[in-house]
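What follows is a short report on a single structure.
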Amino acid sequence: MSEVIKNRYEFVVLFDVENGNPNGDPDSGNMPRTDTETGLGIVTDVCLKRKIRNYVEMVKEGDENYRIYIKDGVPLNRSDAKACSAANVGTDEKALKAAKKENEGIDVQLRDWMCQHFFDIRAFGAVMTTFVKGALNCGQVRGPVQLGFARSIDPIMPQEVVITRVAITTEADAEKKGTEMGRKYIVPYGLYRCEGYVSANLARKSTGFTEDDLELLWEALLNMFENDRSAARGKMAVRELIIFKHDSELGNAPAYRLFESVHVVRKDGVDVPRAYADYIVSVDDTPDGVTCIRRA
């Protein structure tokens, strides 16, 4: 694997949705998430991380150093057990306690193995305490890559669309009716902005996040919707990735100043945006020691 990253980064991701639901709220009938005070749309960091994980798992299928820790249908204990197997440690309570007694540093050894073999632990961190009953704690690892919630540039207006289907669920219902009614929620158009951080300091001290990992992260952010299509999400696309690279590990400018230098405004005469072309995206000159890289 390549060297651990040595530069701090901040980044802004601009993505949009057309006639879809980018992130439904299960507590609100799966309506698109919104800020009730401003009407701005919201997409959670968890939703975006899921898409990054799915992309990495797809393009790195079979690569032992790019496994995914948080995935559907795989208990965390099962993944933790792989680290125990590599260290020749049993997973029952008695074996775990014996291993801890013989080697006080076994927790760090297991943590480092997990970081080396699971991309999402190297990137986002993880809480690996599933063997705590055996006095073994792989640790709460804080990852160098952190994402905030995405918010739409303008307020969104979710629409409830009534749909019908001809397939009836039960025989009894089939005798009474020929179709069934349903509902789905869409956002006619929304441009969202997500801000994120990459800490070289945490990468060096904690997870070993490398330059290859970083390039894969940028690739995943740009392509996270391209192989994750569904009728419910409509047409979603990442429009631009704006990266701020610092010349040092600890950074050369406050993150808020860099984020404030990115401006996304509607074009003159556009009252109701319905396309990315309805916006103008600009970036101010960056401070000394910071380089701006724009990728689309």
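Simple scheme: letters A, B, ... for chains in structure tokens order, numbers from 1 for residues in each chain, numbers from 1 for ligands in the order shown.
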Sel. of alpha helix (DSSP H) residues, segment 15-253 of chain A, as a ChimeraX atom specification: /A:45-59,76-86,93-102,106-117,119-124,171-176,200-202,211-223
In segment 1-39 of chain A, DSSP strand (DSSP E) residues written as a ChimeraX atom specification: /A:9-20,24-25,31-32
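Distance-wise, atom CA of Ile156 of chain A and atom CA of Tyr189 of chain A end up 7.5 Å apart.
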Contact residues around Gly182 of chain A with only C-alpha atoms at 9 Å, ignoring same-chain residues under 5 positions, as a PyMOL selection string: chain A and resi 161-165
Would you mind exporting C-alpha atoms of the selected residues as a PDB file, in the first residue's frame?
```
ATOM      1  CA  VAL A 161     -47.403  11.369  -6.060  1.00  0.00           C
ATOM      2  CA  VAL A 162     -50.242   8.830  -6.085  1.00  0.00           C
ATOM      3  CA  ILE A 163     -49.448   5.628  -7.973  1.00  0.00           C
ATOM      4  CA  THR A 164     -51.430   2.507  -8.826  1.00  0.00           C
ATOM      5  CA  ARG A 165     -50.514  -1.111  -9.427  1.00  0.00           C
TER       6      ARG A 165
END
```
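We find atom CA of Thr210 of chain A and atom CA of Ala87 of chain A to be spaced 23.5 Å apart.
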All residues 8 Å or closer to Gly289 of chain A, only C-alpha atoms, same chain fewer than 3 positions away omitted, as a list in words: His246, Asp247, Ser248, Asn252 and Ala253 of chain A
Next, write the just-selected residues to a file, as a PDB file, in the first residue's frame, keeping C-alpha atoms as the atom set.
```pdb
ATOM      1  CA  HIS A 246      -3.171  22.184   2.686  1.00  0.00           C
ATOM      2  CA  ASP A 247       0.614  22.215   2.447  1.00  0.00           C
ATOM      3  CA  SER A 248       0.933  20.769   5.957  1.00  0.00           C
ATOM      4  CA  ASN A 252      -2.745  26.428   6.752  1.00  0.00           C
ATOM      5  CA  ALA A 253      -6.181  28.038   7.078  1.00  0.00           C
TER       6      ALA A 253
END
```
Test item: residues at most 6 Å from Val43 of chain A, only C-alpha atoms, excluding those fewer than 6 positions along its chain, as a PyMOL selection string: chain A and resi 23+149-150
For those residues, write N, CA, C and O atoms to a file as a PDB file, in the first residue's frame.
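As a result, again-v8.pdb now contains:
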```
ATOM      1  N   ASN A  23     -33.172  11.060   0.288  1.00  0.00           N
ATOM      2  CA  ASN A  23     -32.949  10.483   1.616  1.00  0.00           C
ATOM      3  C   ASN A  23     -34.254  10.584   2.423  1.00  0.00           C
ATOM      4  O   ASN A  23     -34.514  11.598   3.056  1.00  0.00           O
ATOM      5  N   PHE A 149     -23.840  16.773   7.342  1.00  0.00           N
ATOM      6  CA  PHE A 149     -25.100  16.617   6.609  1.00  0.00           C
ATOM      7  C   PHE A 149     -25.035  17.477   5.345  1.00  0.00           C
ATOM      8  O   PHE A 149     -24.471  18.565   5.337  1.00  0.00           O
ATOM      9  N   ALA A 150     -25.620  16.971   4.272  1.00  0.00           N
ATOM     10  CA  ALA A 150     -25.782  17.772   3.066  1.00  0.00           C
ATOM     11  C   ALA A 150     -27.071  18.581   3.183  1.00  0.00           C
ATOM     12  O   ALA A 150     -28.077  18.082   3.692  1.00  0.00           O
TER      13      ALA A 150
END
```
If you take only C-alpha atoms and a cut-off of 7 Å, which residues of segment 165-276 of chain A touch segment 49-64 of chain A, and what are their nearest atom pairs and distances in Å to one decimal, in chain and number order, as a tab-separated table?
```
residue	atom	partner	partner_atom	distance
A:Ala220	CA	A:Ile52	CA	5.5
A:Leu221	CA	A:Ile52	CA	6.5
A:Met224	CA	A:Lys51	CA	5.4
```
Please save C-alpha atoms of the selected residues as a compact mmCIF listing (two decimals), in the first residue's frame.
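Just written: again.txt:
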```
# COMPACT_ATOMS: atom_id res chain seq x y z
CA ALA A 220 -16.12 7.20 -4.75
CA LEU A 221 -17.50 10.68 -4.03
CA MET A 224 -21.33 7.28 -5.63
```
Residue contacts of Arg229 of chain A (12 Å, only C-alpha atoms) excluding same-chain residues fewer than 4 positions away, as a ChimeraX atom specification: /A:17,20-22,51,223-225,233-237
What would the file look like if the residues just selected were written as a PDB file, in the first residue's frame with N, CA and C atoms?
```pdb
ATOM      1  N   VAL A  17     -30.637  16.149  -7.351  1.00  0.00           N
ATOM      2  CA  VAL A  17     -31.664  15.127  -7.539  1.00  0.00           C
ATOM      3  C   VAL A  17     -32.755  15.718  -8.413  1.00  0.00           C
ATOM      4  N   GLY A  20     -36.922  12.686  -7.571  1.00  0.00           N
ATOM      5  CA  GLY A  20     -36.583  11.556  -6.716  1.00  0.00           C
ATOM      6  C   GLY A  20     -36.531  11.960  -5.257  1.00  0.00           C
ATOM      7  N   ASN A  21     -36.318  10.967  -4.422  1.00  0.00           N
ATOM      8  CA  ASN A  21     -36.223  11.167  -2.982  1.00  0.00           C
ATOM      9  C   ASN A  21     -34.800  10.807  -2.547  1.00  0.00           C
ATOM     10  N   PRO A  22     -33.948  11.805  -2.299  1.00  0.00           N
ATOM     11  CA  PRO A  22     -32.541  11.505  -2.038  1.00  0.00           C
ATOM     12  C   PRO A  22     -32.283  10.826  -0.700  1.00  0.00           C
ATOM     13  N   LYS A  51     -23.184   5.012   0.470  1.00  0.00           N
ATOM     14  CA  LYS A  51     -22.924   4.970  -0.968  1.00  0.00           C
ATOM     15  C   LYS A  51     -21.426   4.885  -1.258  1.00  0.00           C
ATOM     16  N   ASN A 223     -18.500   9.256  -8.013  1.00  0.00           N
ATOM     17  CA  ASN A 223     -19.275   8.221  -8.699  1.00  0.00           C
ATOM     18  C   ASN A 223     -20.273   7.501  -7.794  1.00  0.00           C
ATOM     19  N   MET A 224     -20.546   8.038  -6.605  1.00  0.00           N
ATOM     20  CA  MET A 224     -21.328   7.281  -5.628  1.00  0.00           C
ATOM     21  C   MET A 224     -22.769   7.019  -6.051  1.00  0.00           C
ATOM     22  N   PHE A 225     -23.295   7.780  -7.008  1.00  0.00           N
ATOM     23  CA  PHE A 225     -24.665   7.541  -7.463  1.00  0.00           C
ATOM     24  C   PHE A 225     -24.730   6.756  -8.773  1.00  0.00           C
ATOM     25  N   ARG A 233     -35.087   7.051  -5.945  1.00  0.00           N
ATOM     26  CA  ARG A 233     -34.148   8.175  -5.840  1.00  0.00           C
ATOM     27  C   ARG A 233     -34.114   9.040  -7.082  1.00  0.00           C
ATOM     28  N   GLY A 234     -34.791   8.633  -8.146  1.00  0.00           N
ATOM     29  CA  GLY A 234     -34.824   9.458  -9.340  1.00  0.00           C
ATOM     30  C   GLY A 234     -33.462   9.590  -9.989  1.00  0.00           C
ATOM     31  N   LYS A 235     -33.217  10.746 -10.585  1.00  0.00           N
ATOM     32  CA  LYS A 235     -31.929  10.996 -11.249  1.00  0.00           C
ATOM     33  C   LYS A 235     -31.035  11.810 -10.319  1.00  0.00           C
ATOM     34  N   MET A 236     -30.003  11.161  -9.811  1.00  0.00           N
ATOM     35  CA  MET A 236     -29.068  11.830  -8.916  1.00  0.00           C
ATOM     36  C   MET A 236     -27.678  11.809  -9.542  1.00  0.00           C
ATOM     37  N   ALA A 237     -26.925  12.884  -9.329  1.00  0.00           N
ATOM     38  CA  ALA A 237     -25.589  12.982  -9.908  1.00  0.00           C
ATOM     39  C   ALA A 237     -24.733  13.918  -9.073  1.00  0.00           C
TER      40      ALA A 237
END
```
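Between Leu202 of chain A and the candidates A:Val13, A:Val272, A:Val145, A:Val281, the tightest atom-to-atom separation, counting only C-alpha atoms, involves A:Val145.
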Surrounding residues of Asp284 of chain A excluding itself and chain neighbours under 4 positions, 9 Å, only C-alpha atoms, as a PyMOL selection string: chain A and resi 258+260-263
Give me, as CSV, each residue of segment 142-188 of chain A that comes within 6 Å of segment 120-126 of chain A, together with its shortest interatomic pair and the distance in Å at one decimal, counting only C-alpha atoms, with rows ordered by chain and rising residue number.
```
residue,atom,partner,partner_atom,distance
A:Arg142,CA,A:Gly125,CA,4.6
A:Gly143,CA,A:Gly125,CA,3.8
A:Pro144,CA,A:Ala123,CA,5.9
A:Val145,CA,A:Ala123,CA,5.2
```
Write the residues of the preceding selection, restricted to all heavy atoms, as an mmCIF file, in the first residue's frame.
```cif
data_model
loop_
_atom_site.group_PDB
_atom_site.id
_atom_site.type_symbol
_atom_site.label_atom_id
_atom_site.label_comp_id
_atom_site.auth_asym_id
_atom_site.auth_seq_id
_atom_site.Cartn_x
_atom_site.Cartn_y
_atom_site.Cartn_z
ATOM 1 N N ARG A 142 -11.347 6.781 15.812
ATOM 2 C CA ARG A 142 -11.868 7.971 15.130
ATOM 3 C C ARG A 142 -11.169 8.104 13.795
ATOM 4 O O ARG A 142 -9.954 8.250 13.729
ATOM 5 C CB ARG A 142 -11.658 9.217 15.988
ATOM 6 C CG ARG A 142 -12.299 10.478 15.400
ATOM 7 C CD ARG A 142 -12.658 11.464 16.496
ATOM 8 N NE ARG A 142 -11.504 11.900 17.251
ATOM 9 C CZ ARG A 142 -10.892 13.077 17.090
ATOM 10 N NH1 ARG A 142 -11.350 13.932 16.192
ATOM 11 N NH2 ARG A 142 -9.853 13.407 17.822
ATOM 12 N N GLY A 143 -11.934 8.043 12.725
ATOM 13 C CA GLY A 143 -11.357 8.062 11.394
ATOM 14 C C GLY A 143 -10.988 9.457 10.933
ATOM 15 O O GLY A 143 -11.560 10.452 11.387
ATOM 16 N N PRO A 144 -10.058 9.563 9.991
ATOM 17 C CA PRO A 144 -9.639 10.875 9.496
ATOM 18 C C PRO A 144 -10.640 11.542 8.562
ATOM 19 O O PRO A 144 -10.580 12.751 8.344
ATOM 20 C CB PRO A 144 -8.343 10.562 8.747
ATOM 21 C CG PRO A 144 -8.481 9.132 8.334
ATOM 22 C CD PRO A 144 -9.257 8.466 9.426
ATOM 23 N N VAL A 145 -11.571 10.772 8.000
ATOM 24 C CA VAL A 145 -12.541 11.331 7.048
ATOM 25 C C VAL A 145 -13.874 11.540 7.757
ATOM 26 O O VAL A 145 -14.440 10.592 8.316
ATOM 27 C CB VAL A 145 -12.737 10.399 5.837
ATOM 28 C CG1 VAL A 145 -13.748 11.000 4.859
ATOM 29 C CG2 VAL A 145 -11.416 10.130 5.145
#
```
